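S.K.: File follows, model.cif with mmCIF, C-alpha atoms:
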data_input
loop_
_atom_site.label_atom_id
_atom_site.label_comp_id
_atom_site.auth_asym_id
_atom_site.auth_seq_id
_atom_site.Cartn_x
_atom_site.Cartn_y
_atom_site.Cartn_z
CA MET A 1 -36.48 39.94 -47.83
CA PRO A 2 -33.15 39.06 -49.46
CA SER A 3 -33.45 37.29 -52.77
CA PRO A 4 -32.17 33.73 -53.16
CA GLU A 5 -29.38 35.10 -55.37
CA ASN A 6 -28.16 37.17 -52.44
CA THR A 7 -28.05 34.16 -50.20
CA HIS A 8 -26.02 32.18 -52.70
CA ASP A 9 -23.63 35.10 -53.07
CA TRP A 10 -23.30 35.22 -49.30
CA LEU A 11 -22.47 31.54 -49.22
CA ALA A 12 -19.79 32.10 -51.84
CA GLU A 13 -18.37 35.27 -50.32
CA HIS A 14 -18.72 34.68 -46.61
CA GLY A 15 -19.07 30.90 -46.28
CA ASP A 16 -15.43 30.31 -45.35
CA TYR A 17 -15.37 33.23 -42.93
CA LEU A 18 -18.54 32.09 -41.17
CA TYR A 19 -17.24 28.53 -41.06
CA ARG A 20 -13.99 29.57 -39.35
CA TYR A 21 -15.87 31.79 -36.95
CA ALA A 22 -18.12 28.89 -35.98
CA LEU A 23 -15.23 26.44 -35.85
CA ALA A 24 -13.32 28.67 -33.43
CA ARG A 25 -16.24 28.41 -31.04
CA LEU A 26 -17.77 24.99 -31.62
CA ARG A 27 -14.48 23.19 -32.38
CA ALA A 28 -16.25 20.53 -34.42
CA PRO A 29 -16.39 20.73 -38.23
CA HIS A 30 -19.84 19.17 -38.64
CA LEU A 31 -21.37 21.50 -36.04
CA ALA A 32 -19.71 24.48 -37.68
CA GLU A 33 -21.13 23.45 -41.06
CA ASP A 34 -24.60 23.12 -39.57
CA ALA A 35 -24.33 26.53 -37.96
CA VAL A 36 -23.38 28.13 -41.31
CA GLN A 37 -26.32 26.44 -42.98
CA GLU A 38 -28.77 27.55 -40.30
CA THR A 39 -27.40 31.07 -40.50
CA LEU A 40 -27.91 31.37 -44.25
CA LEU A 41 -31.37 29.84 -44.08
CA ALA A 42 -32.32 32.30 -41.36
CA ALA A 43 -30.78 35.14 -43.37
CA MET A 44 -32.84 34.18 -46.38
CA GLN A 45 -36.07 34.23 -44.41
CA GLY A 46 -35.26 37.20 -42.29
CA SER A 47 -35.99 40.79 -43.08
CA GLY A 48 -33.27 42.10 -40.79
CA TYR A 49 -30.68 43.09 -43.35
CA ALA A 50 -31.21 46.72 -44.14
CA GLY A 51 -27.84 47.28 -45.73
CA LYS A 52 -26.73 49.46 -42.82
CA SER A 53 -23.95 47.18 -41.69
CA SER A 54 -21.95 44.99 -44.00
CA ALA A 55 -23.56 41.70 -44.95
CA ARG A 56 -20.73 39.93 -43.16
CA THR A 57 -21.37 41.74 -39.89
CA TRP A 58 -25.05 41.03 -40.15
CA LEU A 59 -24.51 37.34 -40.94
CA THR A 60 -22.04 37.04 -38.08
CA GLY A 61 -24.70 38.41 -35.74
CA ILE A 62 -27.10 35.67 -36.83
CA LEU A 63 -24.36 33.07 -36.56
CA LYS A 64 -23.70 34.03 -32.93
CA HIS A 65 -27.25 33.11 -32.05
CA LYS A 66 -27.03 29.88 -33.99
CA ILE A 67 -23.87 28.96 -32.11
CA ILE A 68 -25.58 29.52 -28.78
CA ASP A 69 -28.51 27.42 -30.01
CA GLN A 70 -26.04 24.63 -30.78
CA PHE A 71 -24.53 24.89 -27.31
CA ARG A 72 -27.94 24.72 -25.71
CA ARG A 73 -28.99 21.73 -27.78
CA GLN A 74 -25.78 19.89 -26.98
CA GLN A 75 -25.95 20.68 -23.29
CA ARG A 76 -29.43 19.17 -23.22
CA GLU A 77 -28.25 16.05 -25.00
CA THR A 78 -25.26 15.72 -22.71
CA ALA A 79 -27.51 16.19 -19.70
CA LEU A 80 -29.15 12.90 -20.56
CA GLU A 81 -25.82 11.13 -20.77
CA GLU A 82 -24.15 12.61 -17.69
CA PRO A 83 -27.04 13.50 -15.39
CA GLU A 84 -24.94 13.62 -12.23
CA GLU A 85 -22.15 15.60 -13.80
CA ILE A 86 -22.73 18.92 -12.10
CA ALA A 87 -24.39 19.40 -8.76
CA ASP A 88 -25.50 22.93 -8.15
CA ASP A 89 -23.69 23.72 -4.94
CA ALA A 90 -20.91 21.16 -4.80
CA PRO A 91 -17.57 22.28 -6.18
CA GLY A 92 -16.48 18.68 -5.62
CA MET A 93 -12.85 19.54 -6.10
CA ASP A 94 -11.43 17.18 -3.50
CA GLU A 95 -9.15 15.61 -6.06
CA PHE A 96 -7.18 18.88 -6.25
CA PHE A 97 -6.83 19.44 -2.53
CA GLU A 98 -5.60 17.63 0.51
CA GLY A 99 -7.62 19.11 3.28
CA ARG A 100 -7.26 22.84 2.96
CA HIS A 101 -4.20 22.89 0.71
CA TRP A 102 -3.34 22.13 -2.89
CA SER A 103 -2.34 18.51 -3.38
CA GLU A 104 -0.13 19.72 -6.24
CA PRO A 105 0.52 23.43 -5.86
CA PRO A 106 0.24 25.42 -9.10
CA GLN A 107 3.58 26.15 -10.73
CA SER A 108 4.74 28.91 -13.00
CA TRP A 109 4.26 28.04 -16.66
CA GLY A 110 6.72 30.58 -17.93
CA GLU A 111 6.53 34.03 -19.42
CA PRO A 112 2.91 34.65 -20.55
CA ALA A 113 3.82 36.69 -23.62
CA SER A 114 6.12 33.99 -24.95
CA LEU A 115 3.79 31.11 -24.02
CA LEU A 116 1.02 32.57 -26.12
CA GLN A 117 3.33 32.47 -29.14
CA GLN A 118 4.24 28.84 -28.68
CA ASP A 119 2.45 26.33 -30.87
CA GLN A 120 3.29 23.51 -28.52
CA PHE A 121 1.73 25.21 -25.52
CA LEU A 122 -1.43 26.03 -27.45
CA GLN A 123 -1.62 22.51 -28.84
CA ILE A 124 -1.40 21.04 -25.35
CA LEU A 125 -4.13 23.41 -24.24
CA GLN A 126 -6.30 22.21 -27.13
CA ASP A 127 -5.64 18.57 -26.19
CA CYS A 128 -6.52 19.37 -22.59
CA MET A 129 -9.79 20.98 -23.64
CA ASP A 130 -10.62 17.88 -25.66
CA LYS A 131 -10.16 15.81 -22.51
CA LEU A 132 -12.49 17.89 -20.36
CA PRO A 133 -16.04 16.65 -19.84
CA LYS A 134 -17.87 18.07 -22.86
CA LYS A 135 -20.29 20.08 -20.82
CA LEU A 136 -17.48 21.89 -19.06
CA ALA A 137 -15.54 22.44 -22.25
CA ARG A 138 -18.55 24.01 -23.94
CA ILE A 139 -19.47 26.42 -21.19
CA PHE A 140 -15.80 27.38 -20.91
CA LEU A 141 -15.59 28.12 -24.64
CA LEU A 142 -18.85 30.01 -24.59
CA ARG A 143 -17.57 32.13 -21.74
CA GLU A 144 -14.01 32.71 -22.85
CA VAL A 145 -14.18 32.86 -26.62
CA GLU A 146 -17.57 34.32 -27.23
CA GLU A 147 -17.11 36.50 -24.15
CA THR A 148 -20.70 35.82 -23.31
CA ASP A 149 -21.30 37.32 -19.93
CA ASN A 150 -22.33 35.20 -17.04
CA ASP A 151 -25.94 36.35 -16.91
CA GLU A 152 -26.38 35.59 -20.57
CA ILE A 153 -24.84 32.13 -20.21
CA CYS A 154 -27.26 31.39 -17.39
CA LYS A 155 -30.20 32.62 -19.39
CA GLU A 156 -29.23 30.82 -22.58
CA LEU A 157 -28.32 27.54 -20.95
CA GLU A 158 -31.02 27.74 -18.32
CA ILE A 159 -28.72 27.22 -15.36
CA SER A 160 -28.25 29.13 -12.11
CA PRO A 161 -25.31 31.53 -11.63
CA THR A 162 -23.94 29.22 -8.95
CA ASN A 163 -24.03 26.31 -11.34
CA ALA A 164 -22.26 28.38 -13.99
CA TRP A 165 -19.54 29.42 -11.52
CA VAL A 166 -19.01 25.86 -10.41
CA MET A 167 -18.79 24.58 -13.98
CA LEU A 168 -16.34 27.28 -15.02
CA TYR A 169 -14.28 26.66 -11.90
CA ARG A 170 -14.14 22.95 -12.62
CA ALA A 171 -13.22 23.59 -16.25
CA ARG A 172 -10.37 25.91 -15.21
CA MET A 173 -9.15 23.55 -12.52
CA GLY A 174 -9.19 20.64 -14.92
CA LEU A 175 -7.35 22.58 -17.61
CA ARG A 176 -4.65 23.90 -15.32
CA LYS A 177 -3.97 20.48 -13.91
CA CYS A 178 -3.81 18.94 -17.37
CA LEU A 179 -1.51 21.72 -18.59
CA GLU A 180 0.71 21.32 -15.59
CA LEU A 181 1.06 17.59 -16.15
CA ASN A 182 1.72 17.89 -19.86
CA TRP A 183 3.50 21.18 -20.22
CA ILE A 184 5.70 21.40 -17.16
CA GLY A 185 6.19 17.65 -17.24
CA GLU A 186 7.77 17.39 -20.67
CA GLY A 187 7.82 20.79 -22.27
CA ARG A 188 10.35 22.49 -20.06
CA MET B 189 -8.84 33.08 7.19
CA LEU B 190 -9.49 31.63 3.74
CA ASP B 191 -8.09 28.25 2.85
CA CYS B 192 -6.70 27.47 -0.62
CA LYS B 193 -9.78 25.61 -1.76
CA HIS B 194 -12.03 28.52 -0.97
CA ALA B 195 -9.53 31.03 -2.34
CA SER B 196 -9.22 29.19 -5.66
CA HIS B 197 -12.98 29.14 -6.00
CA LEU B 198 -13.21 32.86 -5.31
CA LEU B 199 -10.45 33.60 -7.80
CA SER B 200 -12.34 31.82 -10.54
CA ARG B 201 -15.60 33.47 -9.53
CA SER B 202 -14.00 36.91 -9.57
CA LEU B 203 -13.54 36.47 -13.32
CA GLU B 204 -17.32 36.27 -13.58
CA ARG B 205 -18.56 38.85 -11.18
CA PRO B 206 -16.89 41.34 -8.83
CA LEU B 207 -16.52 40.03 -5.30
CA SER B 208 -17.74 41.91 -2.26
CA LEU B 209 -15.21 44.21 -0.62
CA GLN B 210 -14.94 41.86 2.32
CA LEU B 211 -14.12 38.87 0.11
CA ARG B 212 -11.70 40.92 -1.99
CA LEU B 213 -9.76 41.90 1.10
CA ALA B 214 -9.74 38.36 2.46
CA LEU B 215 -8.53 37.10 -0.90
CA ARG B 216 -5.81 39.74 -1.14
CA LEU B 217 -4.56 38.82 2.30
CA HIS B 218 -4.53 35.14 1.37
CA LEU B 219 -2.60 35.84 -1.84
CA LEU B 220 0.00 37.82 0.08
CA LEU B 221 0.77 34.74 2.09
CA CYS B 222 0.21 31.98 -0.44
CA ASP B 223 2.48 31.38 -3.45
CA ALA B 224 0.39 28.51 -4.79
CA CYS B 225 -2.79 30.57 -5.04
CA THR B 226 -0.83 33.48 -6.50
CA GLN B 227 0.37 31.13 -9.24
CA PHE B 228 -3.15 29.85 -9.71
CA SER B 229 -4.36 33.40 -10.15
CA ARG B 230 -1.75 33.93 -12.90
CA GLN B 231 -2.71 30.66 -14.51
CA LEU B 232 -6.34 31.76 -14.75
CA VAL B 233 -5.38 34.93 -16.59
CA LEU B 234 -3.08 32.99 -18.86
CA LEU B 235 -5.73 30.36 -19.60
CA ARG B 236 -8.15 33.04 -20.67
CA ALA B 237 -5.58 34.65 -22.96
CA ALA B 238 -4.45 31.31 -24.38
CA VAL B 239 -7.95 30.12 -25.23
CA GLY B 240 -8.58 33.43 -26.96
CA SER B 241 -5.35 33.08 -28.84
CA LEU B 242 -6.24 29.54 -29.99
CA SER B 243 -9.57 30.71 -31.31
CA ARG B 244 -8.07 33.65 -33.15
CA ARG B 245 -5.67 31.26 -34.81
CA ILE B 246 -8.58 29.21 -36.07
CA GLU B 247 -10.40 32.33 -37.27
CA ASN B 248 -7.34 33.55 -39.11
CA ASP B 249 -6.26 30.22 -40.57
CA HIS B 250 -7.26 30.59 -44.19
CA SER B 251 -6.40 26.99 -44.94
CA LEU B 252 -9.59 26.14 -43.04
CA VAL B 253 -12.41 26.42 -45.55
CA LEU B 254 -15.98 25.25 -45.71
CA PRO B 255 -15.62 21.76 -47.25
CA ASP B 256 -17.02 21.42 -50.80
CA GLN B 257 -19.48 18.77 -49.75
CA ALA B 258 -20.89 21.01 -47.05
CA ARG B 259 -21.01 23.93 -49.44
CA GLU B 260 -23.03 21.91 -51.93
CA ARG B 261 -25.33 20.66 -49.22
CA ILE B 262 -25.94 24.19 -47.98
CA ALA B 263 -26.53 25.50 -51.51
CA GLY B 264 -29.04 22.68 -51.98
CA ALA B 265 -30.84 23.53 -48.75
CA LEU B 266 -30.99 27.19 -49.76
CA ALA B 267 -32.40 26.28 -53.18
CA VAL B 268 -35.11 24.11 -51.62
CA ARG B 269 -36.08 26.83 -49.20
CA ALA B 270 -36.11 29.42 -51.98
CA GLN B 271 -38.83 27.62 -53.88
CA PRO B 272 -42.30 29.11 -53.48
CA ALA B 273 -43.77 27.86 -50.25
CA GLY B 274 -47.12 27.00 -51.86
CA ASP B 275 -50.17 27.78 -49.83
CA SER B 276 -48.91 26.36 -46.57
CA GLY B 277 -47.63 29.81 -45.65
CA ARG B 278 -44.98 28.64 -43.25
CA GLN B 279 -42.54 25.87 -43.91
CA PRO B 280 -41.35 23.58 -41.17
CA GLN B 281 -37.83 24.22 -39.90
CA GLY B 282 -35.12 21.80 -40.98
CA GLY B 283 -34.19 20.63 -37.51
CA GLY B 284 -37.49 19.00 -36.75
CA ASP B 285 -37.33 19.44 -32.97
#
Translate the structure described by the file into C-alpha cells.

M.R.:
Amino acid sequence: MPSPENTHDWLAEHGDYLYRYALARLRAPHLAEDAVQETLLAAMQGSGYAGKSSARTWLTGILKHKIIDQFRRQQRETALEEPEEIADDAPGMDEFFEGRHWSEPPQSWGEPASLLQQDQFLQILQDCMDKLPKKLARIFLLREVEETDNDEICKELEISPTNAWVMLYRARMGLRKCLELNWIGEGR
Amino acid sequence: MLDCKHASHLLSRSLERPLSLQLRLALRLHLLLCDACTQFSRQLVLLRAAVGSLSRRIENDHSLVLPDQARERIAGALAVRAQPAGDSGRQPQGGGD
C-alpha cells in the first residue's frame, strides 16, 4: 500500500496532468476535480502500484475508471430529468429529412487538414457540443475521446447496442447541423 | 435501394461496428449516386478528428491547472483518509451513494 507521503507527492507531481486529462473528457472543471480526488483516494487505498509502470501511467489508468463512473452517474441523473429523451429503436430524425431526402443536404466544410488547425472551427464545435442534449454529448465524448469501444459503452452505461447507435447517430447529426449553421453560415 | 435517412444511419453505425457485406454494398452504391450522403460521410470522419483535436488541446494546454482550492481540498481529503481507520476496518466511501 502506498504511503500517504506518496499520495501527496502524486498530487503535487501529477495533479495538473490528471486534471487536464479529466477535463478533456468531462469538460466540466468541478467534475474533473472530483475525478482527480477520487483517483488519488483510490490510489492511496489500492495495492495495485507495483512500480512496474510509471506512477503517472498507473494513476491515469485509475482515472479512466473514475471518469466512466462519473459518466454513468450523470447519465442516471439525467435519465430522471429527460426520461423520454432516447427511445431504443426510434432514430426520430425527421427534423433532418423531408421524406427520404435531406432537408438541408450536408455541405463541404473545407479542407480537413486546415480545418483541424483553425481555432474558430474548433471553438464552434465546442459550442455545438455544449448545445447538444447532455446525454448525447457525454456518450459522444466517451466514444470519440476515450475511444471506448461500443461494447464497453453499452456495458458501462447499461444500454443496448441499438440505443448506443441511435444516441451516437443523433449526437453526430446534431453536431453536423449545428456546425453547418454556424460555420458555413458565417465562417466562410 | 437505400434512402438518405437509412444511409446516414448506416454510415454512423459503421463507425461503431462493421456492416454486413450486403449493407456495405448497398451503402457504396448509394454513395456513388448521392453527393449529400458522401458529404455526410466526410463530415463524420472530420467530426471524429476534430473532437479528438479539441481534447488534445485541452490535455496539452499547460495554462489549465488544478485550481489551488481544489488542490487543498484534495490534500485535506487525502490526509483524513490517511489517518488510522480505528477498529472499524473499512471506512465509508466519500460519495455516500

S.K.: What's around Glu5 of chain A at 10 Å? Count all atoms listed in the file, leave out sequence neighbours fewer than 2 positions away in its own chain, and write the answer as a tab-separated table (two decimals) with C-alpha atoms, in the frame of the given file.

M.R.:
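What ended up in result-v4.tsv:
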chain	number	residue	atom	x	y	z
A	2	PRO	CA	-33.15	39.06	-49.46
A	3	SER	CA	-33.45	37.29	-52.77
A	7	THR	CA	-28.05	34.16	-50.20
A	8	HIS	CA	-26.02	32.18	-52.70
A	9	ASP	CA	-23.63	35.10	-53.07
A	10	TRP	CA	-23.30	35.22	-49.30
A	11	LEU	CA	-22.47	31.54	-49.22
A	44	MET	CA	-32.84	34.18	-46.38
B	266	LEU	CA	-30.99	27.19	-49.76
B	267	ALA	CA	-32.40	26.28	-53.18
B	270	ALA	CA	-36.11	29.42	-51.98

S.K.: Using 7 Å as the limit and counting all atoms listed in the file, can you tabulate each residue of chain A that touches chain B, with its shortest atom-to-atom distance in Å and the two atoms involved, as CSV?

M.R.:
residue,atom,partner,partner_atom,distance
A:Pro4,CA,B:Ala270,CA,6.0
A:His8,CA,B:Ala263,CA,6.8
A:Gly15,CA,B:Leu254,CA,6.5
A:Asp16,CA,B:Val253,CA,4.9
A:Tyr19,CA,B:Leu254,CA,5.8
A:Arg20,CA,B:Glu247,CA,5.0
A:Tyr21,CA,B:Glu247,CA,5.5
A:Ala24,CA,B:Ser243,CA,4.8
A:Glu33,CA,B:Ala258,CA,6.5
A:Gln37,CA,B:Ile262,CA,5.5
A:Leu41,CA,B:Leu266,CA,6.3
A:Phe97,CA,B:Lys193,CA,6.9
A:Arg100,CA,B:Asp191,CA,5.5
A:His101,CA,B:Cys192,CA,5.4
A:Trp102,CA,B:Cys192,CA,6.7
A:Pro105,CA,B:Ala224,CA,5.2
A:Pro106,CA,B:Ala224,CA,5.3
A:Gln107,CA,B:Gln227,CA,6.1
A:Ser108,CA,B:Gln227,CA,6.2
A:Pro112,CA,B:Leu234,CA,6.4
A:Leu116,CA,B:Ala238,CA,5.9
A:Leu122,CA,B:Leu242,CA,6.5
A:Glu144,CA,B:Arg236,CA,6.3
A:Val145,CA,B:Gly240,CA,5.6
A:Asn150,CA,B:Glu204,CA,6.2
A:Trp165,CA,B:Arg201,CA,6.0
A:Tyr169,CA,B:Ser200,CA,5.7

S.K.: Grab all the atoms of segment 17-36 of chain A that the file lists, wrap them in a box along x, y and z, add 3 Å per side, and give me centre plus edge lengths in Å (one decimal) as JSON.

M.R.:
{"center_x": -19.0, "center_y": 26.2, "center_z": -37.0, "size_x": 17.3, "size_y": 20.1, "size_z": 17.9}

S.K.: Just to confirm, what's the straight-line distance from atom CA of Phe96 of chain A to atom CA of Arg176 of chain A in Å (one decimal)?

M.R.: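 We find that atom CA of Phe96 of chain A and atom CA of Arg176 of chain A lie 10.7 Å from each other.
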
S.K.: Taking all atoms listed in the file into account, which of A:Cys178, A:Leu168, A:Ala32, A:Leu18 comes nearest Asp130 of chain A?

M.R.: A:Cys178

S.K.: May I ask for the distance between atom CA of Asp34 of chain A and atom CA of Ala164 of chain A, given in Å to one decimal place?

M.R.: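 Distance between the two atoms: 26.2 Å.
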
S.K.: Please indicate the distance in Å from atom CA of Leu125 of chain A to atom CA of Met167 of chain A, rounded to one decimal place.

M.R.: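 The value is 17.9 Å.
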
S.K.: What would the selection look like, as a ChimeraX atom specification, if the PyMOL selection byres ((chain A and resi 137) around 12) were run on the coordinates I just shared?

M.R.: /A:25-27,71,74-75,78,125-136,138-145,167-175 /B:239

S.K.: What lies within 9 Å of Met189 of chain B using only C-alpha atoms, ignoring chain neighbours under 4 positions off, as a list in words?

M.R.: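 The neighbour list is Ala214, Leu217 and His218 of chain B.
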
S.K.: Which polymer residues, protein or nucleic acid, are no farther than 8 Å from (3.0, 23.6, -22.5), counting all atoms listed in the file, as a PyMOL selection string?

M.R.: chain A and resi 109+115+120-125+179-180+182-184+187-188
